[in-house]
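Chemist: protein21.txt (compact mmCIF, C-alpha atoms) pasted underneath:
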# COMPACT_ATOMS: atom_id res chain seq x y z
CA MET A 1 -17.69 -13.66 -5.85
CA VAL A 2 -15.45 -13.81 -2.76
CA ARG A 3 -12.34 -15.87 -3.43
CA TYR A 4 -10.75 -15.35 -0.04
CA SER A 5 -12.08 -15.34 3.50
CA PHE A 6 -10.75 -13.21 6.36
CA PRO A 7 -13.39 -13.32 9.11
CA GLY A 8 -11.97 -12.19 12.44
CA LYS A 9 -8.87 -10.73 10.79
CA VAL A 10 -7.89 -7.09 11.30
CA VAL A 11 -6.34 -5.31 8.33
CA LEU A 12 -4.74 -1.87 8.23
CA VAL A 13 -4.07 -0.29 4.85
CA THR A 14 -2.08 2.94 5.04
CA GLY A 15 -3.21 5.75 2.76
CA SER A 16 -6.57 4.09 2.18
CA SER A 17 -8.92 7.06 1.99
CA ARG A 18 -9.19 6.67 -1.79
CA GLY A 19 -7.57 5.11 -4.86
CA MET A 20 -5.74 1.83 -4.65
CA GLY A 21 -5.76 1.77 -0.85
CA ALA A 22 -9.54 2.06 -0.76
CA ALA A 23 -9.87 -0.67 -3.41
CA ILE A 24 -7.67 -2.99 -1.35
CA LEU A 25 -9.76 -2.40 1.77
CA GLU A 26 -12.97 -3.00 -0.18
CA ALA A 27 -11.66 -6.40 -1.28
CA PHE A 28 -10.84 -7.25 2.34
CA ALA A 29 -14.26 -6.01 3.47
CA ARG A 30 -15.97 -8.29 0.96
CA ALA A 31 -13.92 -11.14 2.42
CA GLY A 32 -15.13 -10.45 5.97
CA ALA A 33 -12.17 -8.59 7.50
CA THR A 34 -12.26 -5.79 10.06
CA CYS A 35 -10.98 -2.78 8.12
CA ILE A 36 -8.94 0.18 9.33
CA VAL A 37 -9.07 3.18 7.01
CA ASN A 38 -6.00 5.40 7.38
CA TYR A 39 -5.65 8.94 6.12
CA CYS A 40 -3.32 11.90 6.65
CA ASN A 41 -4.78 15.30 7.55
CA ASP A 42 -4.53 17.99 4.88
CA ALA A 43 -5.30 21.70 5.09
CA GLU A 44 -8.53 21.38 3.09
CA GLY A 45 -9.81 18.36 5.02
CA GLN A 46 -10.33 16.44 1.77
CA ASN A 47 -8.47 13.35 2.96
CA ARG A 48 -10.72 13.03 6.00
CA LYS A 49 -13.81 13.47 3.85
CA ASP A 50 -12.58 10.80 1.44
CA ALA A 51 -11.78 8.46 4.35
CA GLU A 52 -15.26 8.84 5.80
CA GLU A 53 -16.85 8.17 2.41
CA THR A 54 -14.71 5.05 1.99
CA ALA A 55 -15.70 3.91 5.49
CA GLU A 56 -19.39 4.25 4.62
CA LYS A 57 -18.90 2.08 1.52
CA LEU A 58 -17.17 -0.57 3.60
CA LYS A 59 -19.88 -0.50 6.27
CA ALA A 60 -22.43 -1.09 3.51
CA LEU A 61 -20.61 -4.39 2.92
CA SER A 62 -21.22 -5.26 6.60
CA ALA A 63 -17.55 -4.84 7.49
CA PRO A 64 -16.47 -3.55 10.91
CA VAL A 65 -14.62 -0.30 10.13
CA HIS A 66 -12.41 2.13 12.03
CA VAL A 67 -11.12 5.42 10.59
CA LEU A 68 -7.75 6.51 12.01
CA GLU A 69 -5.60 9.50 11.11
CA ALA A 70 -1.80 9.24 10.94
CA ASP A 71 1.07 10.71 8.96
CA VAL A 72 3.29 7.77 8.03
CA ARG A 73 6.24 10.13 7.52
CA ARG A 74 6.43 10.70 11.28
CA TYR A 75 7.56 8.05 13.75
CA ASP A 76 5.48 9.49 16.60
CA SER A 77 2.36 9.59 14.43
CA VAL A 78 2.75 5.96 13.36
CA GLU A 79 3.45 4.98 16.96
CA ALA A 80 0.17 6.61 18.01
CA LEU A 81 -1.64 4.91 15.12
CA MET A 82 -0.54 1.43 16.17
CA LYS A 83 -1.59 2.14 19.75
CA GLN A 84 -5.02 3.17 18.47
CA VAL A 85 -5.25 0.02 16.33
CA LYS A 86 -4.55 -2.11 19.38
CA ASP A 87 -7.06 -0.17 21.46
CA VAL A 88 -9.92 -0.34 18.96
CA ALA A 89 -9.27 -3.73 17.34
CA GLY A 90 -7.16 -5.66 19.84
CA GLY A 91 -4.20 -6.06 17.50
CA LEU A 92 -3.37 -6.51 13.86
CA ASP A 93 -3.29 -9.47 11.47
CA ILE A 94 -2.52 -7.83 8.12
CA LEU A 95 -0.60 -4.65 7.36
CA VAL A 96 -0.63 -3.24 3.84
CA ASN A 97 1.86 -0.42 3.30
CA ASN A 98 0.17 1.54 0.53
CA ALA A 99 0.60 5.26 1.32
CA GLY A 100 2.55 7.00 -1.42
CA VAL A 101 3.04 10.24 -3.36
CA LEU A 102 4.49 11.33 -6.71
CA ARG A 103 6.73 14.33 -7.40
CA ASP A 104 8.06 13.59 -10.89
CA ARG A 105 10.91 15.74 -12.25
CA THR A 106 14.17 15.10 -14.00
CA VAL A 107 17.19 14.91 -11.71
CA ARG A 108 18.34 18.30 -12.98
CA LYS A 109 15.05 19.96 -12.00
CA MET A 110 14.32 17.95 -8.83
CA THR A 111 14.37 20.07 -5.68
CA PRO A 112 15.41 18.89 -2.21
CA ASP A 113 11.74 19.06 -1.23
CA ASP A 114 10.71 16.91 -4.23
CA TRP A 115 13.23 14.30 -3.18
CA SER A 116 12.42 14.34 0.53
CA ALA A 117 8.64 14.38 0.12
CA VAL A 118 8.69 11.13 -1.85
CA LEU A 119 11.34 9.32 0.18
CA ASP A 120 9.74 10.37 3.48
CA THR A 121 6.35 8.94 2.50
CA ASN A 122 7.16 6.08 0.15
CA LEU A 123 10.15 4.58 1.98
CA ASP A 124 10.38 5.98 5.51
CA GLY A 125 6.62 5.52 5.88
CA VAL A 126 6.92 1.83 5.01
CA PHE A 127 9.77 1.40 7.47
CA TRP A 128 8.04 3.11 10.40
CA SER A 129 4.76 1.31 9.74
CA SER A 130 6.47 -2.07 9.44
CA LYS A 131 8.71 -1.57 12.47
CA LEU A 132 5.91 -0.39 14.76
CA GLY A 133 3.23 -2.50 13.11
CA ALA A 134 5.25 -5.65 13.77
CA GLU A 135 4.94 -4.93 17.49
CA ILE A 136 1.16 -5.38 17.41
CA LEU A 137 1.05 -7.87 14.52
CA ARG A 138 -0.03 -11.30 15.68
CA ASP A 139 2.23 -14.27 15.01
CA GLY A 140 1.37 -15.73 11.63
CA GLY A 141 0.42 -12.30 10.36
CA ARG A 142 1.09 -10.71 6.99
CA ILE A 143 2.79 -7.58 5.69
CA VAL A 144 2.23 -6.65 2.06
CA ASN A 145 4.12 -3.67 0.64
CA ILE A 146 2.97 -1.73 -2.40
CA ALA A 147 6.14 -1.26 -4.44
CA SER A 148 6.16 -0.38 -8.14
CA ILE A 149 7.59 -1.53 -11.44
CA ALA A 150 9.44 1.82 -11.30
CA GLY A 151 11.56 0.37 -8.52
CA ILE A 152 12.66 -2.46 -10.81
CA VAL A 153 13.24 -0.74 -14.16
CA GLY A 154 13.36 3.00 -13.38
CA PHE A 155 11.56 5.64 -15.43
CA HIS A 156 12.65 9.01 -16.76
CA GLY A 157 11.77 11.75 -14.27
CA GLN A 158 11.22 9.39 -11.34
CA ALA A 159 14.56 9.26 -9.55
CA ASN A 160 12.90 9.87 -6.19
CA TYR A 161 9.98 7.48 -6.76
CA ALA A 162 12.12 4.73 -8.27
CA ALA A 163 14.69 4.98 -5.47
CA ALA A 164 11.98 4.79 -2.82
CA LYS A 165 10.23 1.81 -4.41
CA ALA A 166 13.52 -0.03 -4.96
CA GLY A 167 14.15 0.54 -1.27
CA VAL A 168 10.76 -0.95 -0.46
CA ILE A 169 11.63 -4.09 -2.43
CA ALA A 170 14.94 -4.46 -0.58
CA LEU A 171 13.26 -3.75 2.77
CA THR A 172 10.69 -6.45 1.99
CA LYS A 173 13.46 -9.04 1.69
CA VAL A 174 15.07 -8.04 4.98
CA LEU A 175 11.80 -7.94 6.92
CA ALA A 176 10.86 -11.36 5.52
CA LYS A 177 13.98 -12.86 7.06
CA GLU A 178 13.72 -11.05 10.37
CA LEU A 179 10.02 -11.83 10.95
CA ALA A 180 10.02 -15.41 9.64
CA ARG A 181 10.58 -16.89 13.11
CA ARG A 182 7.16 -15.52 14.10
CA GLY A 183 5.49 -17.02 11.05
CA ILE A 184 4.92 -13.53 9.62
CA THR A 185 5.35 -13.28 5.86
CA VAL A 186 6.44 -10.09 4.11
CA ASN A 187 5.88 -9.68 0.38
CA ALA A 188 5.43 -6.88 -2.13
CA VAL A 189 3.46 -6.22 -5.26
CA ALA A 190 4.95 -4.05 -8.00
CA PRO A 191 2.12 -2.54 -10.07
CA GLY A 192 2.64 -0.95 -13.44
CA VAL A 193 0.32 1.89 -14.43
CA ILE A 194 -2.96 1.50 -12.54
CA GLN A 195 -6.13 3.56 -13.00
CA THR A 196 -5.99 5.59 -9.79
CA PRO A 197 -5.97 9.34 -9.05
CA MET A 198 -2.17 9.13 -8.85
CA ILE A 199 -1.80 8.71 -12.63
CA ALA A 200 -3.12 12.25 -13.01
CA GLY A 201 0.46 13.24 -12.21
CA ILE A 202 1.66 11.53 -15.40
CA LYS A 203 1.42 13.64 -18.54
CA PRO A 204 -1.26 12.41 -21.02
CA GLU A 205 1.28 11.92 -23.80
CA MET A 206 3.38 9.79 -21.45
CA GLN A 207 0.32 7.77 -20.47
CA ALA A 208 -0.42 7.11 -24.13
CA GLU A 209 3.16 6.01 -24.71
CA TYR A 210 3.03 3.62 -21.74
CA GLU A 211 -0.27 2.15 -22.92
CA LYS A 212 1.24 1.33 -26.33
CA GLN A 213 4.05 -0.59 -24.64
CA ILE A 214 1.81 -2.77 -22.46
CA PRO A 215 1.14 -6.15 -24.13
CA MET A 216 -2.41 -6.30 -22.72
CA GLY A 217 -3.06 -2.88 -24.26
CA ARG A 218 -4.53 -1.20 -21.19
CA PHE A 219 -3.75 0.10 -17.72
CA GLY A 220 -4.47 -2.08 -14.72
CA LYS A 221 -7.48 -1.76 -12.42
CA PRO A 222 -7.16 -1.20 -8.66
CA ASP A 223 -9.08 -4.39 -7.88
CA GLU A 224 -6.54 -6.40 -9.91
CA VAL A 225 -3.85 -5.21 -7.52
CA ALA A 226 -6.16 -5.79 -4.55
CA HIS A 227 -6.64 -9.47 -5.37
CA ALA A 228 -2.88 -10.00 -5.53
CA VAL A 229 -2.61 -8.40 -2.09
CA LEU A 230 -5.31 -10.73 -0.76
CA PHE A 231 -3.38 -13.70 -2.12
CA PHE A 232 -0.27 -12.72 -0.18
CA ALA A 233 -2.43 -12.12 2.90
CA CYS A 234 -4.23 -15.48 2.91
CA GLU A 235 -3.26 -18.52 4.96
CA GLU A 236 -2.58 -20.57 1.84
CA SER A 237 0.38 -18.36 0.88
CA GLY A 238 2.15 -18.93 4.19
CA TYR A 239 5.32 -20.41 2.65
CA ILE A 240 5.85 -17.46 0.31
CA THR A 241 7.87 -14.61 1.74
CA GLY A 242 10.39 -12.00 0.63
CA GLN A 243 8.95 -11.92 -2.89
CA THR A 244 7.90 -9.11 -5.22
CA LEU A 245 5.12 -9.77 -7.75
CA PRO A 246 4.94 -7.48 -10.81
CA ILE A 247 1.38 -6.60 -11.85
CA THR A 248 1.96 -5.00 -15.22
CA GLY A 249 -0.12 -6.60 -17.98
CA GLY A 250 3.07 -8.17 -19.36
CA TRP A 251 5.02 -4.89 -19.41
CA PHE A 252 8.72 -5.53 -18.76
Can I see the file as structure tokens?
Modeler:
Amino acid sequence: MVRYSFPGKVVLVTGSSRGMGAAILEAFARAGATCIVNYCNDAEGQNRKDAEETAEKLKALSAPVHVLEADVRRYDSVEALMKQVKDVAGGLDILVNNAGVLRDRTVRKMTPDDWSAVLDTNLDGVFWSSKLGAEILRDGGRIVNIASIAGIVGFHGQANYAAAKAGVIALTKVLAKELARRGITVNAVAPGVIQTPMIAGIKPEMQAEYEKQIPMGRFGKPDEVAHAVLFFACEESGYITGQTLPITGGWF
């Protein structure tokens, strides 16, 4: 059952070839939006393959779909992406900053590359996409950032991830103020542990420990995050901006 309606709206979800990003785009596709699948090239070509498979699923829902490659870590790549979005879709109504990576290690063991890889994608990528995306975002548009509960409470072994996601939450507040005059809202969701390929990077014993601490007794589902994103993206939420919504099953 479709709870929201986005006909004629163009939505870009970064890092949407699979996992949570793909689930978010599927929810938008079911609500009638034009969907832009974004992926970053990898040596094996797996990301492109995943993006094309996601696109086929969205097309099966009768959604207009475009598949565009870009590395959100690079300003020039994001700049080219936004130009492509404007060329193929005429502009942008909704930007969801979802692209992210994990490189969990204790501070003592964390390498400079571990630190930079996460900050470059999870924070710089949100900044470049928001800065350049705002240039093609129509007035009254929406930006929704995928933060994390890690950015609020911090977890052992996630100094890089927690710092990046805390930065996303702070950036959300600043962007909300700067873009308000155009009627553009900027909000974030802060998921807990969600059943996506990314949790494979969390040790099984740690996953079990987390699950015991969650009042609802289970991990979240990608579509449960997706529906929160759709809420922030809909017209009815137009007076909500600068906020971060935890999606954690009661955890913390």
Chemist: Go through A:Lys203, A:His156, A:Lys57, A:Lys131 and flag the residue nearest Asn97 of chain A, using only C-alpha atoms for the distances.
Modeler: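 So, comparing all the options, the nearest one is A:Lys131.
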Chemist: For Ala134 of chain A, please output as a list in words all residues within 9 Å (counting only C-alpha atoms; exclusion window: fewer than 2 positions along the same chain).
Modeler: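 Residues near the query, excluding close chain neighbours: Leu92, Leu95, Ser129, Ser130, Lys131, Leu132, Ile136, Leu137, Arg138, Gly141, Ile143, Leu179 and Ile184 of chain A.
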Chemist: Find the residue from A:Asn160, A:Asn145, A:Ser237, A:Thr248 that sits nearest to Thr111 of chain A; use only C-alpha atoms when measuring.
Modeler: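 Using only C-alpha atoms, Thr111 of chain A sits closest to A:Asn160.
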Chemist: Quick one: residues within 9 Å of segment 100-108 of chain A, all atoms listed in the file, excluding same-chain residues fewer than 5 positions away - as a list in words?
Modeler: Thr14, Gly15, Asp114, Trp115, Ala117, Val118, Thr121, Asn122, Leu123, Gly125, Ile146, His156, Gly157, Gln158, Ala159, Asn160, Tyr161, Met198, Gly201 and Ile202 of chain A
Chemist: Just how far from atom CA of Asn41 of chain A is atom CA of Trp128 of chain A, in Å to one decimal?
Modeler: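 We find that atom CA of Trp128 of chain A and atom CA of Asn41 of chain A lie 17.9 Å from each other.
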Chemist: Go through A:Val186, A:Ala147, A:Ala60, A:Ile94 and flag the residue nearest Val225 of chain A, using all atoms listed in the file for the distances.
Modeler: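 Between A:Val186, A:Ala147, A:Ala60, A:Ile94, the residue approaching Val225 of chain A most closely is A:Ala147.
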Chemist: Using only C-alpha atoms for the distances, tell me which of A:Ala228, A:Ala63, A:Ile24, A:Ala70 is nearest to Tyr39 of chain A.
Modeler: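 Using only C-alpha atoms, the shortest distance to Tyr39 of chain A belongs to A:Ala70.
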Chemist: Could you give me, as JSON, numbers by chain, the residues that have an atom at most 6 Å away from the point (-5.6, 9.8, -4.7) in the coordinates of the file, using only C-alpha atoms?
Modeler: {"A": [18, 19, 197, 198]}
Chemist: What gap, in Å, lies between atom CA of Val96 of chain A and atom CA of Tyr239 of chain A?
Modeler: 18.2 Å
Chemist: Could you give me, as JSON lines, a per-residue list for segment 191-248 of chain A showing, wherever an atom lies at most 10 Å from an atom of segment 150-153 of chain A, the closest pair of atoms and their distance in Å to one decimal, using all atoms listed in the file and sorting by chain then residue number from low to high?
Modeler:
{"residue": "A:Pro191", "atom": "CA", "partner": "A:Ala150", "partner_atom": "CA", "distance": 8.6}
{"residue": "A:Gly192", "atom": "CA", "partner": "A:Ala150", "partner_atom": "CA", "distance": 7.6}
{"residue": "A:Val193", "atom": "CA", "partner": "A:Ala150", "partner_atom": "CA", "distance": 9.6}
{"residue": "A:Thr244", "atom": "CA", "partner": "A:Ile152", "partner_atom": "CA", "distance": 9.9}
{"residue": "A:Pro246", "atom": "CA", "partner": "A:Ile152", "partner_atom": "CA", "distance": 9.2}
Chemist: Would you save the residues from that selection as an mmCIF file, in the frame of the given file, using C-alpha atoms?
Modeler:
data_model
loop_
_atom_site.group_PDB
_atom_site.id
_atom_site.type_symbol
_atom_site.label_atom_id
_atom_site.label_comp_id
_atom_site.auth_asym_id
_atom_site.auth_seq_id
_atom_site.Cartn_x
_atom_site.Cartn_y
_atom_site.Cartn_z
ATOM 1 C CA PRO A 191 2.120 -2.540 -10.070
ATOM 2 C CA GLY A 192 2.640 -0.950 -13.440
ATOM 3 C CA VAL A 193 0.320 1.890 -14.430
ATOM 4 C CA THR A 244 7.900 -9.110 -5.220
ATOM 5 C CA PRO A 246 4.940 -7.480 -10.810
#
Chemist: Any idea what's packed within 10 Å of Asn187 of chain A, counting all atoms listed in the file, ignoring anything in its chain fewer than 6 positions away? Could you give it as a list in words?
Modeler: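 The filter keeps Val96, Arg142, Ile143, Val144, Asn145, Ile146, Ala147, Ile169, Leu171, Thr172, Lys173, Leu175, Ala176, Val229, Phe232, Ala233, Ile240, Thr241, Gly242, Gln243, Thr244 and Leu245 of chain A.
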Chemist: How many Å separate atom CA of Ile199 of chain A from atom CA of Glu211 of chain A?
Modeler: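 Computing the Euclidean distance for atom CA of Ile199 of chain A and atom CA of Glu211 of chain A yields 12.3 Å.
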Chemist: Choose the residue, out of A:Asp87, A:Lys9, A:Gly21, A:Arg48, that has the smallest atom-to-atom separation from Ala226 of chain A; count all atoms listed in the file.
Modeler: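 So, comparing all the options, the nearest one is A:Gly21.
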Chemist: Using only C-alpha atoms, which of the listed residues (A:Pro64, A:Gly90, A:Gly140, A:Pro222) sits closest to Ala180 of chain A?
Modeler: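 The answer is A:Gly140, which sits nearest to Ala180 of chain A.
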Chemist: Which protein, DNA or RNA residues have an atom at most 6 Å from (-9.7, -7.9, 11.1), counting all atoms listed in the file? List them as a PyMOL selection string.
Modeler: chain A and resi 8-11+33-34
Chemist: Generate a file of the selected residues that holds C-alpha atoms, formatted as a PDB file, in the coordinates of the input.
Modeler:
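Result went into result13.pdb, see below:
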ATOM      1  CA  GLY A   8     -11.970 -12.190  12.440  1.00  0.00           C
ATOM      2  CA  LYS A   9      -8.870 -10.730  10.790  1.00  0.00           C
ATOM      3  CA  VAL A  10      -7.890  -7.090  11.300  1.00  0.00           C
ATOM      4  CA  VAL A  11      -6.340  -5.310   8.330  1.00  0.00           C
ATOM      5  CA  ALA A  33     -12.170  -8.590   7.500  1.00  0.00           C
ATOM      6  CA  THR A  34     -12.260  -5.790  10.060  1.00  0.00           C
TER       7      THR A  34
END
Chemist: Residues near Met82 of chain A, anyone? I mean within 7 Å using all atoms listed in the file, not counting same-chain ones fewer than 4 positions away, as a list in words.
Modeler: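 The filter keeps Val78, Lys86, Leu132 and Gly133 of chain A.
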Chemist: I'd like the contact shell of Glu56 of chain A - 12 Å cut-off, only C-alpha atoms, skipping same-chain residues fewer than 2 positions apart - returned as number ranges by chain.
Modeler: A: 17, 22, 26, 29, 35, 37, 49-54, 58-67
Chemist: Rebuild segment 28-45 of chain A to N, CA and C atoms - output it as a compact mmCIF listing (two decimals), in the frame of the given file, please.
Modeler:
# COMPACT_ATOMS: atom_id res chain seq x y z
N PHE A 28 -10.90 -6.61 1.03
CA PHE A 28 -10.84 -7.25 2.34
C PHE A 28 -12.21 -7.23 3.02
N ALA A 29 -12.94 -6.12 2.87
CA ALA A 29 -14.26 -6.01 3.47
C ALA A 29 -15.21 -7.07 2.91
N ARG A 30 -15.13 -7.27 1.60
CA ARG A 30 -15.97 -8.29 0.96
C ARG A 30 -15.61 -9.69 1.45
N ALA A 31 -14.37 -9.84 1.93
CA ALA A 31 -13.92 -11.14 2.42
C ALA A 31 -14.08 -11.28 3.94
N GLY A 32 -14.76 -10.31 4.56
CA GLY A 32 -15.13 -10.45 5.97
C GLY A 32 -14.17 -9.87 6.99
N ALA A 33 -13.16 -9.12 6.56
CA ALA A 33 -12.17 -8.59 7.50
C ALA A 33 -12.67 -7.34 8.21
N THR A 34 -12.09 -7.07 9.38
CA THR A 34 -12.26 -5.79 10.06
C THR A 34 -11.29 -4.81 9.42
N CYS A 35 -11.78 -3.69 8.93
CA CYS A 35 -10.98 -2.78 8.12
C CYS A 35 -10.63 -1.49 8.85
N ILE A 36 -9.38 -1.09 8.76
CA ILE A 36 -8.94 0.18 9.33
C ILE A 36 -8.55 1.10 8.19
N VAL A 37 -9.33 2.17 8.02
CA VAL A 37 -9.07 3.18 7.01
C VAL A 37 -8.10 4.19 7.60
N ASN A 38 -6.99 4.42 6.92
CA ASN A 38 -6.00 5.40 7.38
C ASN A 38 -5.92 6.56 6.39
N TYR A 39 -5.84 7.77 6.95
CA TYR A 39 -5.65 8.94 6.12
C TYR A 39 -4.72 9.91 6.83
N CYS A 40 -4.18 10.86 6.09
CA CYS A 40 -3.32 11.90 6.65
C CYS A 40 -4.02 13.24 6.50
N ASN A 41 -4.11 14.00 7.59
CA ASN A 41 -4.78 15.30 7.55
C ASN A 41 -4.15 16.22 6.50
N ASP A 42 -5.00 16.95 5.79
CA ASP A 42 -4.53 17.99 4.88
C ASP A 42 -5.27 19.28 5.21
N ALA A 43 -4.75 20.39 4.73
CA ALA A 43 -5.30 21.70 5.09
C ALA A 43 -6.77 21.84 4.70
N GLU A 44 -7.16 21.24 3.57
CA GLU A 44 -8.53 21.38 3.09
C GLU A 44 -9.49 20.38 3.73
N GLY A 45 -8.96 19.37 4.41
CA GLY A 45 -9.81 18.36 5.02
C GLY A 45 -10.36 17.35 4.04
